[in-house]
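Novice: For reference, this is final23.cif, and it has mmCIF, N, CA and C atoms.
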```
data_target
loop_
_atom_site.label_atom_id
_atom_site.label_comp_id
_atom_site.auth_asym_id
_atom_site.auth_seq_id
_atom_site.Cartn_x
_atom_site.Cartn_y
_atom_site.Cartn_z
N MET W 1 -13.67 13.03 21.62
CA MET W 1 -12.90 12.38 22.67
C MET W 1 -12.44 11.01 22.20
N GLY W 2 -11.17 10.74 22.33
CA GLY W 2 -10.63 9.47 21.89
C GLY W 2 -11.18 8.28 22.63
N TRP W 3 -11.46 8.45 23.90
CA TRP W 3 -11.91 7.32 24.69
C TRP W 3 -13.41 7.10 24.59
N ALA W 4 -14.12 7.97 23.89
CA ALA W 4 -15.57 7.85 23.78
C ALA W 4 -15.97 6.51 23.17
N VAL W 5 -15.08 5.91 22.38
CA VAL W 5 -15.39 4.63 21.77
C VAL W 5 -14.85 3.46 22.60
N ALA W 6 -14.15 3.75 23.67
CA ALA W 6 -13.62 2.69 24.53
C ALA W 6 -14.77 2.07 25.33
N THR W 7 -14.67 0.77 25.53
CA THR W 7 -15.67 0.07 26.32
C THR W 7 -15.42 0.31 27.80
N GLU W 8 -16.40 -0.02 28.63
CA GLU W 8 -16.22 0.09 30.07
C GLU W 8 -15.06 -0.78 30.54
N LEU W 9 -14.90 -1.96 29.93
CA LEU W 9 -13.78 -2.84 30.28
C LEU W 9 -12.45 -2.17 29.96
N GLU W 10 -12.34 -1.56 28.78
CA GLU W 10 -11.10 -0.90 28.39
C GLU W 10 -10.78 0.28 29.31
N ILE W 11 -11.81 1.03 29.67
CA ILE W 11 -11.61 2.14 30.61
C ILE W 11 -11.14 1.60 31.95
N GLY W 12 -11.75 0.50 32.39
CA GLY W 12 -11.35 -0.12 33.66
C GLY W 12 -9.91 -0.60 33.64
N ILE W 13 -9.48 -1.16 32.52
CA ILE W 13 -8.09 -1.60 32.41
C ILE W 13 -7.15 -0.40 32.51
N LEU W 14 -7.45 0.67 31.78
CA LEU W 14 -6.60 1.87 31.84
C LEU W 14 -6.54 2.42 33.26
N VAL W 15 -7.68 2.54 33.91
CA VAL W 15 -7.70 3.06 35.27
C VAL W 15 -6.89 2.16 36.20
N GLY W 16 -7.05 0.86 36.06
CA GLY W 16 -6.30 -0.07 36.89
C GLY W 16 -4.80 0.04 36.70
N VAL W 17 -4.37 0.16 35.45
CA VAL W 17 -2.94 0.30 35.17
C VAL W 17 -2.42 1.62 35.75
N LEU W 18 -3.19 2.68 35.59
CA LEU W 18 -2.75 3.98 36.13
C LEU W 18 -2.70 3.96 37.65
N VAL W 19 -3.66 3.31 38.28
CA VAL W 19 -3.65 3.20 39.75
C VAL W 19 -2.42 2.42 40.21
N GLY W 20 -2.11 1.33 39.52
CA GLY W 20 -1.01 0.48 39.95
C GLY W 20 0.37 0.97 39.57
N GLU W 21 0.48 1.64 38.44
CA GLU W 21 1.80 1.98 37.91
C GLU W 21 1.99 3.45 37.56
N GLY W 22 0.92 4.24 37.56
CA GLY W 22 1.00 5.61 37.08
C GLY W 22 1.53 6.59 38.11
N HIS W 23 1.94 7.74 37.60
CA HIS W 23 2.39 8.85 38.44
C HIS W 23 1.55 10.06 38.09
N PHE W 24 0.98 10.70 39.09
CA PHE W 24 0.14 11.88 38.91
C PHE W 24 0.92 13.07 39.45
N GLY W 25 1.30 13.98 38.57
CA GLY W 25 2.11 15.11 39.02
C GLY W 25 2.20 16.18 37.97
N GLY W 26 3.38 16.73 37.84
CA GLY W 26 3.62 17.79 36.89
C GLY W 26 5.05 18.25 36.96
N ASP W 27 5.36 19.20 36.09
CA ASP W 27 6.73 19.69 36.03
C ASP W 27 6.87 21.09 36.62
N GLY W 28 5.84 21.54 37.33
CA GLY W 28 5.85 22.88 37.90
C GLY W 28 5.13 23.89 37.02
N ARG W 29 5.04 23.61 35.73
CA ARG W 29 4.32 24.49 34.80
C ARG W 29 3.03 23.86 34.31
N GLN W 30 3.07 22.55 34.07
CA GLN W 30 1.87 21.88 33.57
C GLN W 30 1.74 20.49 34.20
N PRO W 31 0.49 20.05 34.37
CA PRO W 31 0.28 18.73 34.96
C PRO W 31 0.56 17.63 33.94
N HIS W 32 0.85 16.46 34.45
CA HIS W 32 0.95 15.29 33.58
C HIS W 32 0.70 14.01 34.38
N ILE W 33 0.27 13.01 33.65
CA ILE W 33 0.17 11.66 34.18
C ILE W 33 1.16 10.84 33.37
N THR W 34 2.01 10.12 34.08
CA THR W 34 3.08 9.36 33.46
C THR W 34 2.93 7.89 33.81
N LEU W 35 3.16 7.05 32.82
CA LEU W 35 3.17 5.61 33.02
C LEU W 35 4.50 5.10 32.47
N ARG W 36 5.33 4.56 33.35
CA ARG W 36 6.64 4.06 32.94
C ARG W 36 6.75 2.60 33.36
N MET W 37 7.04 1.75 32.35
CA MET W 37 7.18 0.32 32.64
C MET W 37 8.21 -0.30 31.69
N HIS W 38 8.67 -1.46 32.07
CA HIS W 38 9.67 -2.21 31.32
C HIS W 38 9.20 -2.46 29.89
N THR W 39 10.16 -2.60 29.01
CA THR W 39 9.84 -2.86 27.60
C THR W 39 9.10 -4.18 27.40
N ASP W 40 9.11 -5.04 28.40
CA ASP W 40 8.31 -6.27 28.32
C ASP W 40 6.82 -5.96 28.14
N HIS W 41 6.42 -4.75 28.50
CA HIS W 41 5.02 -4.36 28.44
C HIS W 41 4.69 -3.55 27.18
N GLU W 42 5.50 -3.69 26.15
CA GLU W 42 5.30 -2.93 24.91
C GLU W 42 3.89 -3.09 24.36
N SER W 43 3.37 -4.31 24.36
CA SER W 43 2.03 -4.53 23.80
C SER W 43 0.95 -3.78 24.60
N LEU W 44 1.12 -3.65 25.90
CA LEU W 44 0.17 -2.88 26.70
C LEU W 44 0.23 -1.40 26.33
N PHE W 45 1.43 -0.87 26.15
CA PHE W 45 1.56 0.52 25.72
C PHE W 45 0.91 0.74 24.36
N GLU W 46 1.13 -0.18 23.44
CA GLU W 46 0.50 -0.07 22.11
C GLU W 46 -1.02 -0.10 22.23
N TRP W 47 -1.53 -0.93 23.12
CA TRP W 47 -2.97 -1.03 23.37
C TRP W 47 -3.50 0.31 23.89
N ILE W 48 -2.81 0.91 24.84
CA ILE W 48 -3.23 2.20 25.40
C ILE W 48 -3.23 3.28 24.32
N VAL W 49 -2.17 3.35 23.54
CA VAL W 49 -2.06 4.36 22.48
C VAL W 49 -3.19 4.19 21.47
N ALA W 50 -3.53 2.95 21.12
CA ALA W 50 -4.58 2.70 20.12
C ALA W 50 -5.97 3.05 20.65
N ARG W 51 -6.22 2.81 21.92
CA ARG W 51 -7.57 3.01 22.47
C ARG W 51 -7.78 4.38 23.11
N PHE W 52 -6.70 5.02 23.51
CA PHE W 52 -6.79 6.32 24.16
C PHE W 52 -5.82 7.29 23.50
N PRO W 53 -6.08 7.60 22.22
CA PRO W 53 -5.17 8.50 21.51
C PRO W 53 -5.15 9.88 22.16
N GLY W 54 -4.02 10.48 22.13
CA GLY W 54 -3.87 11.79 22.75
C GLY W 54 -2.68 11.83 23.68
N GLY W 55 -2.40 10.70 24.31
CA GLY W 55 -1.18 10.60 25.10
C GLY W 55 -0.01 10.36 24.15
N LYS W 56 1.18 10.45 24.65
CA LYS W 56 2.36 10.25 23.80
C LYS W 56 3.25 9.18 24.40
N LEU W 57 3.69 8.25 23.54
CA LEU W 57 4.56 7.17 23.96
C LEU W 57 6.01 7.52 23.61
N TYR W 58 6.90 7.38 24.58
CA TYR W 58 8.31 7.65 24.40
C TYR W 58 9.10 6.37 24.64
N GLY W 59 10.21 6.25 23.95
CA GLY W 59 11.08 5.10 24.17
C GLY W 59 11.07 4.15 22.99
N PRO W 60 11.72 3.03 23.15
CA PRO W 60 12.25 2.53 24.41
C PRO W 60 13.54 3.24 24.82
N TYR W 61 13.66 3.38 26.13
CA TYR W 61 14.86 3.94 26.72
C TYR W 61 15.66 2.81 27.35
N HIS W 62 16.97 2.96 27.34
CA HIS W 62 17.87 1.99 27.98
C HIS W 62 18.80 2.81 28.87
N HIS W 63 18.56 2.70 30.17
CA HIS W 63 19.31 3.55 31.10
C HIS W 63 19.52 2.80 32.41
N GLY W 64 20.73 2.82 32.89
CA GLY W 64 21.03 2.21 34.18
C GLY W 64 20.68 0.74 34.28
N GLY W 65 20.86 0.03 33.18
CA GLY W 65 20.53 -1.40 33.19
C GLY W 65 19.05 -1.70 33.02
N ARG W 66 18.25 -0.67 32.85
CA ARG W 66 16.81 -0.86 32.67
C ARG W 66 16.41 -0.46 31.25
N SER W 67 15.40 -1.14 30.75
CA SER W 67 14.82 -0.79 29.46
C SER W 67 13.34 -0.53 29.70
N TYR W 68 12.86 0.64 29.28
CA TYR W 68 11.48 0.98 29.58
C TYR W 68 10.88 1.90 28.53
N TYR W 69 9.54 1.93 28.52
CA TYR W 69 8.76 2.89 27.76
C TYR W 69 8.13 3.86 28.75
N GLN W 70 7.79 5.02 28.25
CA GLN W 70 7.09 6.00 29.07
C GLN W 70 5.95 6.60 28.25
N TRP W 71 4.75 6.52 28.79
CA TRP W 71 3.57 7.14 28.17
C TRP W 71 3.20 8.35 29.03
N MET W 72 2.92 9.47 28.35
CA MET W 72 2.58 10.69 29.08
C MET W 72 1.28 11.27 28.55
N ALA W 73 0.47 11.72 29.48
CA ALA W 73 -0.75 12.46 29.16
C ALA W 73 -0.58 13.85 29.73
N ARG W 74 -0.74 14.86 28.87
CA ARG W 74 -0.65 16.24 29.32
C ARG W 74 -1.41 17.13 28.34
N GLY W 75 -1.45 18.40 28.62
CA GLY W 75 -2.10 19.35 27.72
C GLY W 75 -3.60 19.12 27.60
N GLU W 76 -4.12 19.38 26.40
CA GLU W 76 -5.55 19.25 26.16
C GLU W 76 -6.06 17.85 26.42
N PHE W 77 -5.28 16.83 26.00
CA PHE W 77 -5.71 15.45 26.22
C PHE W 77 -5.93 15.18 27.70
N LEU W 78 -5.00 15.61 28.53
CA LEU W 78 -5.14 15.40 29.97
C LEU W 78 -6.34 16.17 30.51
N ARG W 79 -6.40 17.44 30.21
CA ARG W 79 -7.43 18.32 30.77
C ARG W 79 -8.84 17.97 30.26
N ASP W 80 -8.98 17.75 28.95
CA ASP W 80 -10.29 17.62 28.34
C ASP W 80 -10.79 16.19 28.25
N GLU W 81 -9.88 15.22 28.31
CA GLU W 81 -10.31 13.83 28.13
C GLU W 81 -9.99 12.93 29.32
N LEU W 82 -8.72 12.92 29.74
CA LEU W 82 -8.34 11.95 30.76
C LEU W 82 -8.84 12.34 32.15
N VAL W 83 -8.77 13.62 32.51
CA VAL W 83 -9.28 14.03 33.83
C VAL W 83 -10.79 13.74 33.95
N PRO W 84 -11.62 14.10 32.96
CA PRO W 84 -13.04 13.74 33.09
C PRO W 84 -13.26 12.23 33.18
N LEU W 85 -12.47 11.46 32.44
CA LEU W 85 -12.58 10.00 32.52
C LEU W 85 -12.25 9.52 33.93
N LEU W 86 -11.16 10.01 34.50
CA LEU W 86 -10.77 9.59 35.84
C LEU W 86 -11.74 10.11 36.90
N ASP W 87 -12.26 11.32 36.71
CA ASP W 87 -13.26 11.83 37.65
C ASP W 87 -14.46 10.89 37.72
N GLU W 88 -14.81 10.32 36.60
CA GLU W 88 -15.97 9.42 36.55
C GLU W 88 -15.66 8.00 37.00
N HIS W 89 -14.43 7.53 36.76
CA HIS W 89 -14.14 6.11 36.94
C HIS W 89 -13.10 5.78 38.01
N LEU W 90 -12.58 6.76 38.70
CA LEU W 90 -11.58 6.50 39.76
C LEU W 90 -12.21 6.77 41.12
N PRO W 91 -12.72 5.73 41.77
CA PRO W 91 -13.33 5.95 43.09
C PRO W 91 -12.26 6.16 44.17
N GLU W 92 -12.59 7.03 45.10
CA GLU W 92 -11.66 7.35 46.18
C GLU W 92 -11.25 6.11 46.97
N ASP W 93 -12.17 5.19 47.18
CA ASP W 93 -11.88 4.03 48.04
C ASP W 93 -11.15 2.90 47.32
N LEU W 94 -10.88 3.05 46.02
CA LEU W 94 -10.13 2.02 45.30
C LEU W 94 -8.69 1.96 45.79
N ASP W 95 -8.05 3.11 45.87
CA ASP W 95 -6.68 3.22 46.35
C ASP W 95 -6.51 4.65 46.84
N GLN W 96 -6.60 4.84 48.14
CA GLN W 96 -6.61 6.20 48.69
C GLN W 96 -5.33 6.97 48.41
N LYS W 97 -4.19 6.29 48.40
CA LYS W 97 -2.93 6.97 48.14
C LYS W 97 -2.91 7.52 46.72
N THR W 98 -3.28 6.69 45.75
CA THR W 98 -3.32 7.14 44.35
C THR W 98 -4.36 8.22 44.17
N PHE W 99 -5.54 8.04 44.77
CA PHE W 99 -6.59 9.04 44.64
C PHE W 99 -6.11 10.38 45.20
N GLY W 100 -5.41 10.34 46.33
CA GLY W 100 -4.88 11.56 46.92
C GLY W 100 -3.88 12.26 46.01
N ARG W 101 -3.03 11.49 45.35
CA ARG W 101 -2.06 12.08 44.41
C ARG W 101 -2.78 12.69 43.21
N TYR W 102 -3.83 12.02 42.75
CA TYR W 102 -4.63 12.54 41.63
C TYR W 102 -5.29 13.86 42.01
N VAL W 103 -5.93 13.89 43.17
CA VAL W 103 -6.60 15.11 43.64
C VAL W 103 -5.58 16.23 43.85
N ASP W 104 -4.42 15.89 44.40
CA ASP W 104 -3.37 16.89 44.62
C ASP W 104 -2.90 17.47 43.29
N MET W 105 -2.71 16.63 42.27
CA MET W 105 -2.32 17.12 40.95
C MET W 105 -3.37 18.08 40.42
N LYS W 106 -4.63 17.72 40.56
CA LYS W 106 -5.70 18.59 40.06
C LYS W 106 -5.71 19.93 40.79
N ARG W 107 -5.50 19.91 42.09
CA ARG W 107 -5.48 21.16 42.87
C ARG W 107 -4.30 22.04 42.50
N ARG W 108 -3.12 21.44 42.43
CA ARG W 108 -1.90 22.22 42.14
C ARG W 108 -1.95 22.87 40.77
N TYR W 109 -2.63 22.23 39.82
CA TYR W 109 -2.62 22.73 38.45
C TYR W 109 -3.98 23.25 37.99
N GLY W 110 -4.90 23.44 38.90
CA GLY W 110 -6.18 24.06 38.55
C GLY W 110 -7.10 23.20 37.71
N LEU W 111 -6.98 21.90 37.83
CA LEU W 111 -7.86 20.98 37.09
C LEU W 111 -9.02 20.60 38.01
N GLU W 112 -9.99 21.47 38.08
CA GLU W 112 -11.08 21.28 39.03
C GLU W 112 -12.10 20.28 38.51
N GLU W 113 -12.97 19.87 39.41
CA GLU W 113 -14.03 18.95 39.04
C GLU W 113 -14.85 19.54 37.90
N PRO W 114 -15.38 18.68 37.02
CA PRO W 114 -16.19 19.21 35.92
C PRO W 114 -17.33 20.07 36.45
N GLY W 115 -17.50 21.23 35.83
CA GLY W 115 -18.60 22.11 36.18
C GLY W 115 -18.26 23.12 37.25
N LEU W 116 -17.29 22.86 38.11
CA LEU W 116 -16.99 23.79 39.19
C LEU W 116 -16.39 25.09 38.67
N ALA W 117 -15.42 24.98 37.78
CA ALA W 117 -14.76 26.19 37.29
C ALA W 117 -15.70 27.02 36.42
N ALA W 118 -16.62 26.35 35.74
CA ALA W 118 -17.50 27.06 34.81
C ALA W 118 -18.79 27.52 35.47
N SER W 119 -19.03 27.14 36.71
CA SER W 119 -20.28 27.51 37.37
C SER W 119 -20.29 28.99 37.70
N PRO W 120 -21.36 29.69 37.32
CA PRO W 120 -21.43 31.10 37.68
C PRO W 120 -21.68 31.25 39.19
N ALA W 121 -21.22 32.36 39.70
CA ALA W 121 -21.47 32.63 41.12
C ALA W 121 -22.95 32.84 41.34
N PRO W 122 -23.48 32.42 42.50
CA PRO W 122 -24.90 32.63 42.76
C PRO W 122 -25.24 34.12 42.78
N GLU W 123 -26.39 34.43 42.27
CA GLU W 123 -26.80 35.83 42.23
C GLU W 123 -27.22 36.28 43.63
N GLU W 124 -26.89 37.52 43.91
CA GLU W 124 -27.30 38.12 45.18
C GLU W 124 -28.79 38.47 45.09
N PRO W 125 -29.55 38.23 46.16
CA PRO W 125 -30.95 38.62 46.11
C PRO W 125 -31.06 40.16 46.05
N SER W 126 -32.04 40.63 45.28
CA SER W 126 -32.19 42.09 45.16
C SER W 126 -33.14 42.63 46.18
#
```
For the structure just supplied, provide its representation as structure tokens.

Specialist:
Amino acid sequence: MGWAVATELEIGILVGVLVGEGHFGGDGRQPHITLRMHTDHESLFEWIVARFPGGKLYGPYHHGGRSYYQWMARGEFLRDELVPLLDEHLPEDLDQKTFGRYVDMKRRYGLEEPGLAASPAPEEPS
């Protein structure tokens, strides 16, 4: 896991940025978490890429008078690394709107809580 070497502070910064600026959704086929911000924040994007490898940085884009970067987490990185990180470090009461969008993304795309999907059904008494 790329974030296994990240400190609690670094994880907290990532979670805070995603809560404030991130988008939790998908394209109808696969889930993704997207972070889009002005090119003024290039150093923050570089910091995220260095500490949480697995996401992909796109840009800079120049469109409609705006210049921005976009970082995306999807696929194995999202499912195997970022979702477990957020499950552990994103409390429901931090920002209920963001938490609701995160939970909705997980439901729509089958990203269940750790252990739920892999839990065997209880055995019937004989």

Novice: Kindly list the centre and edge lengths in Å, rounded to one decimal, for the axis-aligned box that covers all listed atoms of region 70-78 of chain W plus 3 Å on each of its six sides, as lines of an AutoDock Vina configuration file.

Specialist:
```
center_x = 0.7
center_y = 12.2
center_z = 28.3
size_x = 20.1
size_y = 20.4
size_z = 10.5
```

Novice: Taking the chain letters and numbering used in this document, name the residues of chain W that DSSP puts in alpha helix (DSSP H), as a PyMOL selection string.

Specialist: chain W and resi 8-21+42-51+75-76+83-89+96-108

Novice: Between W:Pro91, W:Gly54, W:Gly100, W:Gly110, which one has atoms that come closest to Val15 (chain W), using only C-alpha atoms?

Specialist: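 Among the listed residues, W:Pro91 lies closest to Val15 (chain W).
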
Novice: Under the PyMOL selection byres (((chain W and resi 35 and name CA) around 12) and name CA), which residues of this model are included? Write them out as an NGL selection string.

Specialist: :W and (14-25 or 32-34 or 36-38 or 41-42 or 44-45 or 48-49 or 55-59 or 68-74)

Novice: Find, counting all atoms listed in the file, the residue in W:Pro31, W:Pro84, W:Gly12, W:Gly65 that gets nearest to Arg108 (chain W).

Specialist: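 Smallest separation from Arg108 (chain W) among the options: W:Pro31.
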
Novice: One decimal, in Å: what's the spacing between CA of Phe99 (chain W) and CA of Leu86 (chain W)?

Specialist: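 Taking CA of Phe99 (chain W) and CA of Leu86 (chain W), their separation equals 9.8 Å.
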
Novice: For a test of reading the model, state the distance in Å between atom C of Arg51 (chain W) and atom C of Leu9 (chain W), rounded to one decimal.

Specialist: 10.6 Å

Novice: For the atom pair atom N of Gln96 (chain W) and atom N of Glu8 (chain W), what is the interatomic distance in Å to one decimal place?

Specialist: 22.4 Å

Novice: Taking only N, CA and C atoms into account, name the residue in W:Glu46, W:Gly75, W:Val83, W:Tyr61 that is nearest to Gln30 (chain W).

Specialist: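 The closest residue to Gln30 (chain W) is W:Gly75.
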
Novice: Of the candidates W:Lys97, W:Ala50, W:Arg79, W:Thr39, which shows the shortest atom-to-atom distance to Leu111 (chain W), using only N, CA and C atoms?

Specialist: W:Arg79

Novice: Please determine, counting all atoms listed in the file, which residue among W:Arg66, W:Arg29, W:Arg101, W:His89 has the shortest atom-to-atom distance to Ile11 (chain W).

Specialist: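 That would be W:His89, the residue with the smallest distance to Ile11 (chain W).
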